[in-house]
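Take a look at the structure set out below.
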Amino acid sequence: MDDVILYTDGACSGNPGDGGWGCVLIYKDNKKELSGGQKDTTNNIMEMTAVIKGLEALKRPCNVNIYSDSSYVVNTFEKGWLENWMKNGWRTSDKKDVKNKDLWMKLYELSNIHNITFNKVKGHSDDELNNRCDELARAAIKNL
């Protein structure tokens with residue numbers, strides 16, 4: 001399988017409010033930037049959408065190192081929350097409905113196609129590609 005690096009970020013102007021997402025895909029010497037926006041959304045939805053759109057852009061199964069500043073996204077996979085939610089009928093540990101179930105189902109589907117490793121990065125720091133994703137997400141909001 002090919003090795004791909006995927007940086008992602010989401011942003012929201014108000015939460016909820018107008019939102020944007022951005023991602024940077026890197027394969028060998030090739031770099032591809034993607035972004036988009038949505039009205040009346042949340043930051044978490046934009047964070048998840050960035051990962052989904054990046055993974056959907058891949059043409060075949062890959063080993064994907066995902067770098068995100070979203071604890072929500074990274075922890076859901078790294079701490080086994082997603083598996084627990086599915087086992088519990090899409091309910092959280094305190095018996096509430098899981099928010100954004102449709103997006104989690106899509107991410108789960110994509111995680112079965114690709115071999116994914118999640119990496120947490122510090123947001124709004126000195127990580128050049130995370131900062132670039134933030135720029136893409138914020139620019140997408142302005143273009144709504």
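Going through the structure tokens in order, the chains are called A, B, and so on, while each chain numbers its residues from 1 and the ligands are numbered from 1 in the order shown.
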
### Task
Would you return as an MDAnalysis selection string the members of region 20-111 of chain A that DSSP assigns to alpha helix (DSSP H) on this structure's backbone?
chainID A and resid 43:56 71:78 81:87 101:111

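Residue neighbourhood of Leu6 (chain A), excluding near-sequence residues (fewer than 6 positions): A:Cys23, A:Val24, A:Leu25, A:Ile26, A:Val51, A:Gly54, A:Val64, A:Asn65, A:Ile66, A:Tyr67, at 8 Å, using only C-alpha atoms.
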
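With only C-alpha atoms as the atoms that count, the residue of A:Arg132, A:Arg91, A:Lys99, A:Lys120 with the shortest distance to Ile45 (chain A) is A:Lys99.
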
Set out as a tab-separated table a contact list for region 25-48 of chain A and region 102-109 of chain A with a cut-off of 12 Å, giving each residue of region 25-48 of chain A that qualifies its closest atom pair and distance in Å to one decimal, counting only C-alpha atoms, ordered by chain and rising residue number.
residue	atom	partner	partner_atom	distance
A:Asn44	CA	A:Leu103	CA	10.3
A:Ile45	CA	A:Leu103	CA	7.8
A:Met46	CA	A:Leu103	CA	10.2
A:Glu47	CA	A:Leu103	CA	10.5
A:Met48	CA	A:Leu103	CA	7.0

Mind dumping the selected residues with C-alpha atoms as a CSV table (one decimal), in the first residue's frame?
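The file below, selection12.csv, is the result:
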chain,number,residue,atom,x,y,z
A,44,ASN,CA,-16.5,19.4,15.3
A,45,ILE,CA,-18.5,18.8,12.1
A,46,MET,CA,-15.9,20.7,10.1
A,47,GLU,CA,-13.0,18.8,11.8
A,48,MET,CA,-14.6,15.5,10.8

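Minimum atom-to-atom distance to Tyr27 (chain A), evaluated using only C-alpha atoms, belongs to A:Asn63 out of A:Thr49, A:Asn63, A:Ser93, A:Thr8.
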
### Message
From a backbone DSSP assignment, name each residue in chain A labelled strand (DSSP E), as a PyMOL selection string.
### Response
chain A and resi 2-13+17-27+30-41+62-68+115-120

Can you pull out every residue within 12 Å of Asp97 (chain A), counting only C-alpha atoms, but drop anything in the same chain fewer than 6 positions away, and send it as a PDB file with C-alpha atoms, in the first residue's frame?
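Dumped to selection_33.pdb:
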ATOM      1  CA  TRP A  85     -20.538   3.768  20.671  1.00  0.00           C
ATOM      2  CA  MET A  86     -21.289   1.145  18.049  1.00  0.00           C
ATOM      3  CA  ASN A  88     -23.860   0.555  22.736  1.00  0.00           C
ATOM      4  CA  GLY A  89     -26.252   1.245  19.847  1.00  0.00           C
ATOM      5  CA  TRP A  90     -24.737   4.668  19.111  1.00  0.00           C
ATOM      6  CA  ARG A  91     -25.076   5.844  22.698  1.00  0.00           C
TER       7      ARG A  91
END

6 Å contact set for Asp9 (chain A), only C-alpha atoms, chain neighbours under 6 positions out, as a short mmCIF file (atom, residue, chain, number, x, y, z; two decimals) with N, CA and C atoms, in the first residue's frame:
data_model
loop_
_atom_site.label_atom_id
_atom_site.label_comp_id
_atom_site.auth_asym_id
_atom_site.auth_seq_id
_atom_site.Cartn_x
_atom_site.Cartn_y
_atom_site.Cartn_z
N TRP A 21 -13.49 23.79 6.26
CA TRP A 21 -12.54 22.72 6.51
C TRP A 21 -11.43 22.81 5.46
N GLY A 22 -10.26 22.30 5.83
CA GLY A 22 -9.15 22.27 4.90
C GLY A 22 -8.30 21.03 5.16
N GLU A 47 -14.18 19.63 11.53
CA GLU A 47 -12.98 18.81 11.79
C GLU A 47 -13.16 17.41 11.17
N CYS A 133 -3.73 24.18 6.80
CA CYS A 133 -5.11 23.67 6.81
C CYS A 133 -6.05 24.67 7.46
N ASP A 134 -5.58 25.30 8.52
CA ASP A 134 -6.39 26.33 9.19
C ASP A 134 -6.66 27.50 8.24
#

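The neighbours of Asn131 (chain A) here are the residues that come within 12 Å of it, using only C-alpha atoms and leaving out any residue fewer than 4 positions away in the same chain; they are Tyr7, Thr8, Asp9, Gly10, Ala11, Gly22, Cys23, Val24, Tyr67, Ser68, Asp69, Val121, Lys122, Gly123, His124, Ser125, Asp126, Asp127, Glu135, Leu136, Ala137 and Arg138 of chain A.
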
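Distances here use only C-alpha atoms; by that measure, the residue among A:Asp40, A:Arg60, A:Glu33, A:Val98 closest to Asn115 (chain A) is A:Arg60.
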
### Query
Which is closest to Leu110 (chain A) among A:Thr41, A:Ile52, A:Ser71, A:Lys59, if we use only C-alpha atoms?
A:Ile52

### Task
Find the residues around Gly14 (chain A) up to 12 Å (only C-alpha atoms counted), leave out those fewer than 6 positions away in its own chain, and share them as a count of residues only.
7

### Message
I'd like the interatomic distance between CA of Lys95 (chain A) and CA of Ser111 (chain A), to a tenth of an Å.
### Response
25.0 Å

### Task
Rank nothing, just name the residue among A:Glu128, A:Ile5, A:Ala140, A:Ile116 nearest to Leu34 (chain A), using only C-alpha atoms.
A:Ala140

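Using only C-alpha atoms, the nearest neighbour of Asn119 (chain A) within the list A:Ser70, A:Gly37, A:Glu83, A:Asp3 is A:Ser70.
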
### Message
Between CA of Gly80 (chain A) and CA of Ser35 (chain A), what is the distance in Å, rounded to a tenth?
### Response
28.0 Å
